[in-house]
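**Student:** Take this structure, written in structure tokens, and hold onto it; I'll ask about it next.
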Amino acid sequence: MAARAVTFDFWGTLFRDRDSDVRHAWRVRRLAEAAGVGEEIARNCLDRVMTEFSRCHIMEQRTLTPGDAVRMACEELGVSISPGARAALEKDFATIILRHPPEPVEQALDAVRETARYVPVGLISDTGISPGASLKILLERNGFASHMKVMVFSDEIGAAKPQAVTFQAAASALGVATEELAHIGDLEPTDIAGIQSVGGTGILFAGVNPRFREATTARLVLDSWGDYLRDLPSLLNNG
């Protein structure tokens, strides 16, 4: 692919998630406590808030934040909480992922580390109620961060994939043109369509989410990081 830099997606690419339900249940309990309502009411409210998160992400390619979640939930419930309680709830919503984290995909760290031996490496990730600040901590904890020259998160840049600005920001920080960037992710509509829209190379990682495996326009499909590692030098034309 003759790439001069490579970026990776976070969810479904470097990390797989098995605790999202646990985190959601914990946020429901915290909302119920802070708002003084029953857990069933808090759960229905937070479910509606998360539906709006998804709508904004898909339809507007815009990322809402933990602060938005708390504000929307309080408005939905018709309650007012103190600034201190609001700040504490926002922090808890944002950081519960650090207590119940996703796990790295097998050999994902090896893939990032080995890629960084050849070309500059970065990350481009859409976020949700778990913000970029928390994902950075997970990347640091698991050894990824030291190999990455840039991390672009949708809540921090103000735009989500497939918007061109996300890929342009990463390419600029890595010192390459977007046409010289390869991006690896698991979602055809955001990862692959996004990088292709700016002239770069899309690589679909299907090792966690195989949904788009049989209908992708990606240059290459990966079923595991082992496959990628085996062919990495030739893929980068640096072997």
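Every chain in the structure tokens has a letter given in the order shown (A, B, ...), and although residue numbers restart at 1 in each chain, ligands are simply numbered from 1 in the order shown.
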Enumerate, as an MDAnalysis selection string, the complete set of residues in stretch 134-208 of chain A that a backbone-based DSSP assignment places in helix (DSSP H, G or I).

**Tutor:** chainID A and resid 134:141 145:147 154:157 164:174 178:180 188:197

**Student:** Just the selected residues (C-alpha atoms), exported as a PDB file, in the first residue's frame, please.

**Tutor:**
ATOM      1  CA  SER A 134     -10.396   8.091  29.418  1.00  0.00           C
ATOM      2  CA  LEU A 135      -9.432   6.169  26.285  1.00  0.00           C
ATOM      3  CA  LYS A 136      -5.974   7.772  26.425  1.00  0.00           C
ATOM      4  CA  ILE A 137      -5.504   6.359  29.918  1.00  0.00           C
ATOM      5  CA  LEU A 138      -6.454   2.887  28.694  1.00  0.00           C
ATOM      6  CA  LEU A 139      -3.997   3.183  25.817  1.00  0.00           C
ATOM      7  CA  GLU A 140      -1.276   4.204  28.255  1.00  0.00           C
ATOM      8  CA  ARG A 141      -2.108   1.424  30.712  1.00  0.00           C
ATOM      9  CA  ALA A 145       0.377   5.184  23.790  1.00  0.00           C
ATOM     10  CA  SER A 146       4.183   5.231  23.701  1.00  0.00           C
ATOM     11  CA  HIS A 147       4.138   4.030  20.080  1.00  0.00           C
ATOM     12  CA  SER A 154     -14.018  12.868  18.008  1.00  0.00           C
ATOM     13  CA  ASP A 155     -15.051  14.612  21.236  1.00  0.00           C
ATOM     14  CA  GLU A 156     -11.820  16.607  21.254  1.00  0.00           C
ATOM     15  CA  ILE A 157     -11.703  17.558  17.583  1.00  0.00           C
ATOM     16  CA  ALA A 164     -12.329  14.484   6.468  1.00  0.00           C
ATOM     17  CA  VAL A 165     -11.037  16.701   9.271  1.00  0.00           C
ATOM     18  CA  THR A 166     -10.396  13.681  11.507  1.00  0.00           C
ATOM     19  CA  PHE A 167      -8.056  12.082   8.970  1.00  0.00           C
ATOM     20  CA  GLN A 168      -6.530  15.390   7.933  1.00  0.00           C
ATOM     21  CA  ALA A 169      -5.645  16.209  11.530  1.00  0.00           C
ATOM     22  CA  ALA A 170      -3.939  12.852  12.018  1.00  0.00           C
ATOM     23  CA  ALA A 171      -2.049  13.046   8.731  1.00  0.00           C
ATOM     24  CA  SER A 172      -0.825  16.560   9.514  1.00  0.00           C
ATOM     25  CA  ALA A 173       0.421  15.526  12.957  1.00  0.00           C
ATOM     26  CA  LEU A 174       2.184  12.520  11.428  1.00  0.00           C
ATOM     27  CA  THR A 178      -3.715  12.125   3.537  1.00  0.00           C
ATOM     28  CA  GLU A 179      -2.977  10.175   0.353  1.00  0.00           C
ATOM     29  CA  GLU A 180       0.027   8.683   2.148  1.00  0.00           C
ATOM     30  CA  GLU A 188     -17.016   0.431   6.517  1.00  0.00           C
ATOM     31  CA  PRO A 189     -19.161   3.625   6.740  1.00  0.00           C
ATOM     32  CA  THR A 190     -16.752   5.506   8.990  1.00  0.00           C
ATOM     33  CA  ASP A 191     -13.243   4.030   8.919  1.00  0.00           C
ATOM     34  CA  ILE A 192     -13.045   2.839   5.325  1.00  0.00           C
ATOM     35  CA  ALA A 193     -15.272   5.423   3.640  1.00  0.00           C
ATOM     36  CA  GLY A 194     -13.615   8.183   5.647  1.00  0.00           C
ATOM     37  CA  ILE A 195     -10.008   7.449   4.745  1.00  0.00           C
ATOM     38  CA  GLN A 196     -10.919   6.766   1.117  1.00  0.00           C
ATOM     39  CA  SER A 197     -12.676  10.148   0.887  1.00  0.00           C
TER      40      SER A 197
END

**Student:** Mind checking which residues fall within 8 Å of A:Thr216, counting only C-alpha atoms, ignoring those fewer than 3 positions away in the same chain, and posting them as a PDB file with C-alpha atoms, in the first residue's frame?

**Tutor:**
ATOM      1  CA  GLU A 188     -17.016   0.431   6.517  1.00  0.00           C
ATOM      2  CA  LEU A 204     -10.755  -3.406   7.264  1.00  0.00           C
ATOM      3  CA  PHE A 212     -18.549  -5.726   6.709  1.00  0.00           C
ATOM      4  CA  ARG A 213     -16.132  -8.461   5.705  1.00  0.00           C
TER       5      ARG A 213
END

**Student:** Which distance in Å separates atom CA of A:Arg99 and atom CA of A:Arg71, to one decimal?

**Tutor:**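 Atom-to-atom, atom CA of A:Arg99 to atom CA of A:Arg71, that is 23.3 Å.
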
**Student:** Please list as a PyMOL selection string every residue within 12 Å of A:Ser82, counting only C-alpha atoms and excluding residues in the same chain fewer than 5 positions away.

**Tutor:** chain A and resi 34-35+70-71+74+87-89

**Student:** DSSP on the backbone: what in chain A comes out strand (DSSP E), as a PyMOL selection string?

**Tutor:** chain A and resi 5-8+15-16+103-104+121-125+150-153+181-185+201-205+220-222
